[in-house]
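Q: Before I ask anything, here is the structure I am working with.
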Amino acid sequence: MKFIDVVQFASGSLRGSRTRSLLMILAMSIGVAAVVVLTALGEGARRYVINQFSSLGTNLVLVFPGRTETAGIGPGMLLGQIPRELSLDDAQALLRSRAVGKIAPLTIGSSQISKDAKNREVIVLGSTSSLLEVRHMSLGKGQFLPAGDVHSSESVCVLGAKINRELFGKESGVGAWVRLGDRRFRVIGIMTSQGESMGFNTDEIVIVPVASAHMLFNTSGLFRILVEAKSRDSVIQAKTDAETILFTRHNGEKDVTVVTQDAVLATFDRILRALTLAVGGIAAISLAVAGILIMNVMLIAVSQRVQEIGLLKALGAPAAQIRSLFFAEAVLLSGVGSVVGLILGEAGVLVIAKLYPSLPVAAPWWAVLAAIGTSLGTGILFSVWPARRAARLDPVTALAGR
Amino acid sequence: MIQFEKVSRSFTVGDQQVAALRGIDLSIAAGDYVSIMGPSGSGKSTLLNLIGLLDRPSSGTYRLDGGDVTSLNDEQQARVRSEKIGFVFQSFHLVPRLTAAMNIELPLMLAGIPVDERRERVAQLLENYGLKDRADHRPDQLSGGQRQRVAIARATSMHPGVLLADEPTGNLDQSTGREVINLLEQLTEQNVTLILVTHDPALGSRARRQLHMVDGQIVSHTGQST
């Protein structure tokens, strides 16, 4: 029997029981569409996070005080040592590396900001003039922190857009004085509203020179140092340079953690990809359910078409041929189901993209392949038993319709 | 050439063995016209099923065209059925979703005969059996006589040497029944062996050889083997 005849015969018998075939295709396509839409959502979330990360800056190397030991307990832990803090001079020293372009030291704390009778709690960021470029922030009005000696504690501050709105209403607060904790600061600039990024709302912060922040919070350490490498290729060099410079400055002790932004990104990437896989896997369960439905329907088809099977046997069809006929039916069902499901899924993705334009939803190619593969696979797998059952029928009893 | 040697067939019903055929010895030459008659339960359908290789004997040997076919496996038997045996059933057994032409084409398709040749043969058969204007009708749009003509066309499409008919007129009125029998008898003139199972003595007596069966045995045998 020729392949084309098998396909034609199988599709003919599927058309013969139209409602049943359509319902099967529906079940299969819902499964495929679920895989496509859910993985597209997961993938969208992943891309969203990565975009957010990139908006923090490019070619970044982050330096934290203290050492994160991933291989057992470090000696500092046993001796009860507190890690040495990162100083402003440490930060400045990093500029000696040829791979490093700019640095921005960061100190963070929270304080009360007040203007006349209005006051609120704010997060205060102590940094230098380079922060604006390193973190890809944008200034709305006035100017950013003045360049110059990082040790000078000028009493100037830059307000987040929302803080300015809350203290000064629609007017710009540039030139006015505000009180931060127990000190007075002159507002020299206002950030543009950028909204939330990585759970950190830049609209609700106040930026002051790093030395002023140290005074305000009575500390001398840094929360972290943002290091911008000169180019993408020098990121690794900047990282090793930062490690060596701080190693020598800290008397030969490795008590800082230096990570590249790419490494952090890669971690997030892995986590979210795992999430996407998990969600896709759950959706694939619905495909398995559709596969069992196919098996059920094929079994019904076998028992309803007992006489036809008997006839085919009487006309000289060997068992293998009858198996392949039922097999072809299942493959056609799941194949058409996959195609319809893909169309439905992609349409769903389009709708989601329209509803949430900020989320870059798109089904990854591997999920599309996996969905089609699973649906065809389950269709084939679950048709084995019905097909064998059909092929094993005794022709005499089958012809009698028993 | 069909040769049965001490062929028996018994079925297990519940925990009892019921003998449907008891030691049948039979020889039917090519081109013979044989009718098998007897009351229901006498084993005539079982005998026909054995001849048609739809069933296997419990003991004994069956030779078709000189070769032992009892020892063949299922697949080999399927090929023998495809090439040498045609069936005509009482209830026609047409595939309801296929047109008359496609039903006739079915054995050719299963045998993997090229499309062009298939089309040619089907057209010829439709012509021969006066079904030309019914080619694209499905079985439920055909009369009983037309359905049986489609079934005969289908049974002969592979040019089998043996044609087995189980009560071919059972579901037809008298005049269409006679028409169908005439068609079948014409085939014997082309050296096709026709074996007809019927309980209608009038019909059975038209055959050159007549077998009467009772209780799984051939009790009388009239007519001459040609």
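Chain labels A, B, ... are given in the sequence in which chains occur in the structure tokens; within each chain residues are numbered consecutively from 1, and ligands are likewise numbered from 1 in the order shown.
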Using only C-alpha atoms, what does the table of stretch 77-98 of chain B residues within 12 Å of stretch 196-202 of chain B look like, with each row giving the shortest atom pair and its distance in Å to one decimal, sorted by chain and ascending number, as a tab-separated table?

A:
```
residue	atom	partner	partner_atom	distance
B:Gly86	CA	B:Leu196	CA	11.9
B:Phe87	CA	B:Leu196	CA	10.3
B:Val88	CA	B:Leu196	CA	9.3
B:Phe89	CA	B:Val197	CA	10.0
B:Gln90	CA	B:Val197	CA	9.9
```

Q: Sorted by chain and rising residue number, which residues of chain B lie within 7 Å of chain A, and what are their closest atom pairs and distances in Å to one decimal, counting only C-alpha atoms, as CSV?

A:
```
residue,atom,partner,partner_atom,distance
B:Leu54,CA,A:Pro395,CA,5.9
B:Asp55,CA,A:Val396,CA,7.0
B:Glu75,CA,A:Pro318,CA,5.2
B:Ala78,CA,A:Gly316,CA,4.5
B:Arg79,CA,A:Gly316,CA,5.7
B:Arg81,CA,A:Gly316,CA,5.0
B:Ser82,CA,A:Gly316,CA,4.0
B:His93,CA,A:Leu311,CA,6.8
B:Val95,CA,A:Glu308,CA,6.5
B:Arg97,CA,A:Gly16,CA,6.1
B:Pro107,CA,A:Leu315,CA,5.7
B:Met109,CA,A:Met1,CA,6.0
B:Leu110,CA,A:Met1,CA,4.8
B:Ala111,CA,A:Met1,CA,5.6
B:Gly112,CA,A:Met1,CA,4.0
```

Q: Output the selection as a PDB file, in the first residue's frame - C-alpha atoms for each residue.

A:
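Output file result09.pdb follows:
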```pdb
ATOM      1  CA  LEU B  54      -9.995 -16.058   7.447  1.00  0.00           C
ATOM      2  CA  ASP B  55      -9.772 -18.901   9.927  1.00  0.00           C
ATOM      3  CA  GLU B  75       1.088 -11.972   6.619  1.00  0.00           C
ATOM      4  CA  ALA B  78      -3.052 -12.029   3.846  1.00  0.00           C
ATOM      5  CA  ARG B  79      -1.141 -11.984   0.567  1.00  0.00           C
ATOM      6  CA  ARG B  81      -6.216 -13.621   0.217  1.00  0.00           C
ATOM      7  CA  SER B  82      -5.285 -10.490  -1.651  1.00  0.00           C
ATOM      8  CA  HIS B  93     -19.653  -4.925   3.697  1.00  0.00           C
ATOM      9  CA  VAL B  95     -17.173   1.024   3.489  1.00  0.00           C
ATOM     10  CA  ARG B  97     -17.847   6.736   3.631  1.00  0.00           C
ATOM     11  CA  PRO B 107      -8.266  -4.158  -2.720  1.00  0.00           C
ATOM     12  CA  MET B 109      -5.083   0.156  -3.195  1.00  0.00           C
ATOM     13  CA  LEU B 110      -4.228  -2.261  -0.378  1.00  0.00           C
ATOM     14  CA  ALA B 111      -2.156  -4.312  -2.814  1.00  0.00           C
ATOM     15  CA  GLY B 112      -0.225  -1.193  -3.809  1.00  0.00           C
TER      16      GLY B 112
END
```

Q: Distance atom CA of A:Glu243-atom CA of A:Pro65, one decimal place?

A: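 Those two atoms sit 11.6 Å apart.
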
Q: Just the residues within 7 Å of stretch 186-195 of chain B, please, counting only C-alpha atoms, with nothing from its chain fewer than 2 positions along; format it as a PyMOL selection string.

A: chain B and resi 30-35+161-165+182-184+197

Q: Would you pick out the contacts of B:Gln217 at 12 Å or less, using only C-alpha atoms, so that residues sharing its chain but fewer than 2 positions from it are not included, and give the list as a PDB file with N, CA and C atoms, in the first residue's frame?

A:
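Full text of out_16.pdb as output:
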```
ATOM      1  N   LYS B   6      -8.884 -34.127   5.828  1.00  0.00           N
ATOM      2  CA  LYS B   6      -9.234 -34.365   7.247  1.00  0.00           C
ATOM      3  C   LYS B   6      -9.211 -33.071   8.049  1.00  0.00           C
ATOM      4  N   VAL B   7      -9.868 -32.056   7.501  1.00  0.00           N
ATOM      5  CA  VAL B   7      -9.855 -30.759   8.175  1.00  0.00           C
ATOM      6  C   VAL B   7     -10.937 -30.699   9.245  1.00  0.00           C
ATOM      7  N   SER B   8     -10.521 -30.388  10.457  1.00  0.00           N
ATOM      8  CA  SER B   8     -11.469 -30.200  11.556  1.00  0.00           C
ATOM      9  C   SER B   8     -11.298 -28.811  12.139  1.00  0.00           C
ATOM     10  N   ARG B   9     -12.403 -28.304  12.692  1.00  0.00           N
ATOM     11  CA  ARG B   9     -12.318 -27.004  13.368  1.00  0.00           C
ATOM     12  C   ARG B   9     -13.239 -27.068  14.558  1.00  0.00           C
ATOM     13  N   ALA B  19     -17.336 -28.936  18.173  1.00  0.00           N
ATOM     14  CA  ALA B  19     -16.765 -29.209  16.862  1.00  0.00           C
ATOM     15  C   ALA B  19     -17.652 -28.595  15.791  1.00  0.00           C
ATOM     16  N   ALA B  20     -17.087 -27.671  15.003  1.00  0.00           N
ATOM     17  CA  ALA B  20     -17.862 -27.057  13.924  1.00  0.00           C
ATOM     18  C   ALA B  20     -17.659 -27.837  12.624  1.00  0.00           C
ATOM     19  N   LEU B  21     -16.489 -28.374  12.445  1.00  0.00           N
ATOM     20  CA  LEU B  21     -16.208 -29.211  11.273  1.00  0.00           C
ATOM     21  C   LEU B  21     -15.508 -30.470  11.762  1.00  0.00           C
ATOM     22  N   ARG B  22     -15.939 -31.604  11.192  1.00  0.00           N
ATOM     23  CA  ARG B  22     -15.332 -32.872  11.619  1.00  0.00           C
ATOM     24  C   ARG B  22     -14.737 -33.575  10.414  1.00  0.00           C
ATOM     25  N   GLY B  23     -13.450 -33.576  10.329  1.00  0.00           N
ATOM     26  CA  GLY B  23     -12.718 -34.344   9.322  1.00  0.00           C
ATOM     27  C   GLY B  23     -13.238 -34.202   7.902  1.00  0.00           C
ATOM     28  N   ILE B  24     -13.207 -32.971   7.390  1.00  0.00           N
ATOM     29  CA  ILE B  24     -13.705 -32.732   6.035  1.00  0.00           C
ATOM     30  C   ILE B  24     -12.633 -33.110   5.002  1.00  0.00           C
ATOM     31  N   ASP B  25     -12.996 -33.919   4.047  1.00  0.00           N
ATOM     32  CA  ASP B  25     -12.141 -34.188   2.891  1.00  0.00           C
ATOM     33  C   ASP B  25     -12.854 -33.611   1.686  1.00  0.00           C
ATOM     34  N   LEU B  26     -12.188 -32.754   0.976  1.00  0.00           N
ATOM     35  CA  LEU B  26     -12.861 -32.058  -0.106  1.00  0.00           C
ATOM     36  C   LEU B  26     -11.848 -31.634  -1.138  1.00  0.00           C
ATOM     37  N   ILE B  36     -22.741 -24.825  -1.114  1.00  0.00           N
ATOM     38  CA  ILE B  36     -22.730 -25.502   0.178  1.00  0.00           C
ATOM     39  C   ILE B  36     -24.037 -25.169   0.868  1.00  0.00           C
ATOM     40  N   MET B  37     -24.810 -26.221   1.191  1.00  0.00           N
ATOM     41  CA  MET B  37     -26.115 -26.009   1.798  1.00  0.00           C
ATOM     42  C   MET B  37     -26.187 -26.743   3.121  1.00  0.00           C
ATOM     43  N   GLY B  38     -27.150 -26.364   3.911  1.00  0.00           N
ATOM     44  CA  GLY B  38     -27.323 -27.023   5.186  1.00  0.00           C
ATOM     45  C   GLY B  38     -28.002 -26.084   6.165  1.00  0.00           C
ATOM     46  N   PRO B  39     -28.532 -26.637   7.253  1.00  0.00           N
ATOM     47  CA  PRO B  39     -29.195 -25.797   8.250  1.00  0.00           C
ATOM     48  C   PRO B  39     -28.170 -24.906   8.958  1.00  0.00           C
ATOM     49  N   GLY B  41     -25.783 -23.536  11.659  1.00  0.00           N
ATOM     50  CA  GLY B  41     -25.000 -24.269  12.650  1.00  0.00           C
ATOM     51  C   GLY B  41     -24.412 -25.547  12.116  1.00  0.00           C
ATOM     52  N   SER B  42     -24.600 -25.802  10.815  1.00  0.00           N
ATOM     53  CA  SER B  42     -24.084 -27.054  10.262  1.00  0.00           C
ATOM     54  C   SER B  42     -22.602 -26.939   9.901  1.00  0.00           C
ATOM     55  N   GLY B  43     -22.065 -25.723   9.940  1.00  0.00           N
ATOM     56  CA  GLY B  43     -20.628 -25.558   9.683  1.00  0.00           C
ATOM     57  C   GLY B  43     -20.314 -25.036   8.305  1.00  0.00           C
ATOM     58  N   LYS B  44     -21.335 -24.605   7.550  1.00  0.00           N
ATOM     59  CA  LYS B  44     -21.047 -24.169   6.172  1.00  0.00           C
ATOM     60  C   LYS B  44     -20.264 -22.850   6.133  1.00  0.00           C
ATOM     61  N   THR B  46     -18.270 -21.801   8.534  1.00  0.00           N
ATOM     62  CA  THR B  46     -16.923 -22.123   9.023  1.00  0.00           C
ATOM     63  C   THR B  46     -16.076 -22.685   7.887  1.00  0.00           C
ATOM     64  N   LEU B  47     -16.681 -23.572   7.084  1.00  0.00           N
ATOM     65  CA  LEU B  47     -15.964 -24.149   5.946  1.00  0.00           C
ATOM     66  C   LEU B  47     -15.533 -23.044   4.971  1.00  0.00           C
ATOM     67  N   LEU B 211     -22.988 -29.503  -2.084  1.00  0.00           N
ATOM     68  CA  LEU B 211     -22.611 -30.167  -0.838  1.00  0.00           C
ATOM     69  C   LEU B 211     -23.696 -29.898   0.186  1.00  0.00           C
ATOM     70  N   HIS B 212     -24.122 -30.930   0.886  1.00  0.00           N
ATOM     71  CA  HIS B 212     -25.061 -30.746   1.987  1.00  0.00           C
ATOM     72  C   HIS B 212     -24.347 -31.029   3.274  1.00  0.00           C
ATOM     73  N   MET B 213     -24.454 -30.126   4.184  1.00  0.00           N
ATOM     74  CA  MET B 213     -23.742 -30.311   5.449  1.00  0.00           C
ATOM     75  C   MET B 213     -24.726 -30.412   6.594  1.00  0.00           C
ATOM     76  N   VAL B 214     -24.427 -31.309   7.514  1.00  0.00           N
ATOM     77  CA  VAL B 214     -25.172 -31.413   8.762  1.00  0.00           C
ATOM     78  C   VAL B 214     -24.143 -31.682   9.855  1.00  0.00           C
ATOM     79  N   ASP B 215     -24.211 -30.870  10.910  1.00  0.00           N
ATOM     80  CA  ASP B 215     -23.404 -31.160  12.086  1.00  0.00           C
ATOM     81  C   ASP B 215     -21.906 -31.260  11.784  1.00  0.00           C
ATOM     82  N   VAL B 219     -22.769 -34.485   4.236  1.00  0.00           N
ATOM     83  CA  VAL B 219     -23.587 -35.703   4.248  1.00  0.00           C
ATOM     84  C   VAL B 219     -23.962 -36.161   2.842  1.00  0.00           C
ATOM     85  N   SER B 220     -24.033 -35.203   1.920  1.00  0.00           N
ATOM     86  CA  SER B 220     -24.268 -35.664   0.564  1.00  0.00           C
ATOM     87  C   SER B 220     -23.515 -34.784  -0.407  1.00  0.00           C
ATOM     88  N   HIS B 221     -23.191 -35.354  -1.497  1.00  0.00           N
ATOM     89  CA  HIS B 221     -22.324 -34.704  -2.451  1.00  0.00           C
ATOM     90  C   HIS B 221     -22.874 -35.023  -3.835  1.00  0.00           C
TER      91      HIS B 221
END
```

Q: May I have the residues within 12 Å of A:Arg98 as a list in words, using only C-alpha atoms and disregarding those fewer than 3 positions away in the same chain?

A: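 With the cut-off at 12 Å, the set is Ala93, Leu94, Leu95, Gly101, Lys102, Glu228, Ala229, Lys230, Ser231, Ser234, Val235, Gln237, Ala238, Lys239, Thr240, Asp241, Ala242 and Ile245 of chain A.
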
Q: I need the chosen residues saved as a short mmCIF file (atom, residue, chain, number, x, y, z; two decimals), in the first residue's frame, with C-alpha atoms.

A:
```cif
data_model
loop_
_atom_site.label_atom_id
_atom_site.label_comp_id
_atom_site.auth_asym_id
_atom_site.auth_seq_id
_atom_site.Cartn_x
_atom_site.Cartn_y
_atom_site.Cartn_z
CA ALA A 93 42.56 53.41 43.38
CA LEU A 94 40.58 51.38 40.88
CA LEU A 95 41.02 54.15 38.33
CA GLY A 101 36.80 53.82 32.39
CA LYS A 102 34.74 55.36 35.15
CA GLU A 228 32.54 50.82 34.14
CA ALA A 229 35.07 49.08 31.93
CA LYS A 230 36.34 50.98 28.91
CA SER A 231 34.86 48.50 26.47
CA SER A 234 38.00 44.91 28.85
CA VAL A 235 35.30 43.85 31.34
CA GLN A 237 40.48 42.72 32.61
CA ALA A 238 38.76 45.37 34.74
CA LYS A 239 37.48 42.65 37.04
CA THR A 240 40.91 41.05 37.59
CA ASP A 241 42.54 44.47 37.92
CA ALA A 242 40.03 45.48 40.57
CA ILE A 245 44.38 46.40 43.30
#
```

Q: From a DSSP pass on the backbone, collect the residues of stretch 1-188 of chain B flagged as alpha helix (DSSP H) and hand them back as a PyMOL selection string.

A: chain B and resi 44-51+74-84+100-110+115-128+144-156+174-188

Q: Please provide as a list in words all residues within 10 Å of A:Pro209, with the sequence filter that same-chain residues fewer than 3 positions apart are discarded (counting only C-alpha atoms).

A: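 Counting only the stated atoms, we get Pro105, Leu106, Thr107, Leu125, Gly126, Ser127, Thr128, Ser129, Phe144, Leu145, Pro146, Ala147, Asp149, Val150, His151, Ser152, Ser153, Glu154, Ser155, Val156, Cys157, Val158, Ser212, Ala213 and His214 of chain A.
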
Q: Show which residues sit within 12 Å of B:Ala100, as a PDB file with C-alpha atoms, in the first residue's frame. Count only C-alpha atoms, and ignore same-chain residues fewer than 3 positions away.

A:
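Result file is out-v2.pdb:
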```
ATOM      1  CA  PHE B  92     -22.262  -6.361   1.284  1.00  0.00           C
ATOM      2  CA  HIS B  93     -19.653  -4.925   3.697  1.00  0.00           C
ATOM      3  CA  LEU B  94     -19.066  -1.764   1.729  1.00  0.00           C
ATOM      4  CA  VAL B  95     -17.173   1.024   3.489  1.00  0.00           C
ATOM      5  CA  PRO B  96     -19.945   3.586   4.039  1.00  0.00           C
ATOM      6  CA  ARG B  97     -17.847   6.736   3.631  1.00  0.00           C
ATOM      7  CA  ASN B 103     -14.929   0.687  -2.663  1.00  0.00           C
ATOM      8  CA  ILE B 104     -14.068  -1.218  -5.823  1.00  0.00           C
ATOM      9  CA  GLU B 105     -10.584   0.284  -5.754  1.00  0.00           C
ATOM     10  CA  LEU B 106      -9.946  -0.738  -2.135  1.00  0.00           C
ATOM     11  CA  VAL B 122     -12.029   0.361 -11.763  1.00  0.00           C
ATOM     12  CA  ALA B 123     -13.438   2.081 -14.840  1.00  0.00           C
ATOM     13  CA  LEU B 125     -15.356  -2.924 -13.637  1.00  0.00           C
ATOM     14  CA  LEU B 126     -17.855  -0.067 -13.300  1.00  0.00           C
ATOM     15  CA  TYR B 129     -21.306  -4.188 -13.781  1.00  0.00           C
ATOM     16  CA  GLY B 130     -23.429  -1.336 -15.123  1.00  0.00           C
ATOM     17  CA  LEU B 131     -22.385   1.045 -12.359  1.00  0.00           C
ATOM     18  CA  LYS B 132     -20.874   3.745 -14.538  1.00  0.00           C
ATOM     19  CA  ASP B 133     -23.365   6.432 -13.529  1.00  0.00           C
ATOM     20  CA  ARG B 134     -23.178   5.325  -9.886  1.00  0.00           C
ATOM     21  CA  ALA B 135     -19.400   5.619  -9.524  1.00  0.00           C
ATOM     22  CA  ASP B 136     -19.479   8.644  -7.226  1.00  0.00           C
ATOM     23  CA  HIS B 137     -22.386   7.503  -5.082  1.00  0.00           C
ATOM     24  CA  ARG B 138     -21.858   6.334  -1.557  1.00  0.00           C
ATOM     25  CA  PRO B 139     -23.350   2.967  -0.532  1.00  0.00           C
ATOM     26  CA  ASP B 140     -26.324   4.584   1.230  1.00  0.00           C
ATOM     27  CA  GLN B 141     -27.273   6.171  -2.098  1.00  0.00           C
ATOM     28  CA  LEU B 142     -27.335   2.806  -3.859  1.00  0.00           C
ATOM     29  CA  SER B 143     -30.032   0.137  -4.068  1.00  0.00           C
ATOM     30  CA  GLN B 146     -26.313  -2.040  -6.882  1.00  0.00           C
ATOM     31  CA  ARG B 147     -24.515  -2.493  -3.585  1.00  0.00           C
ATOM     32  CA  GLN B 148     -24.019  -6.180  -4.216  1.00  0.00           C
ATOM     33  CA  ARG B 149     -22.810  -5.436  -7.732  1.00  0.00           C
ATOM     34  CA  VAL B 150     -20.233  -3.052  -6.246  1.00  0.00           C
ATOM     35  CA  ALA B 151     -19.228  -5.800  -3.828  1.00  0.00           C
ATOM     36  CA  ILE B 152     -18.814  -8.322  -6.675  1.00  0.00           C
ATOM     37  CA  ALA B 153     -16.814  -5.805  -8.680  1.00  0.00           C
ATOM     38  CA  ARG B 154     -14.622  -5.293  -5.640  1.00  0.00           C
TER      39      ARG B 154
END
```

Q: Among stretch 77-207 of chain B, which ones does DSSP assign to strand (DSSP E or B) (computed from the backbone)? Answer as a PyMOL selection string.

A: chain B and resi 85-88+162-166+193-197

Q: Closest to A:Lys254 among A:Leu23, A:Glu85, A:Gly175, A:Ser54, using only C-alpha atoms?

A: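 Among the listed residues, the smallest separation from A:Lys254 belongs to A:Glu85.
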
Q: Between atom CA of A:Asp89 and atom CA of A:Arg249, what is the spacing in Å?

A: 9.6 Å
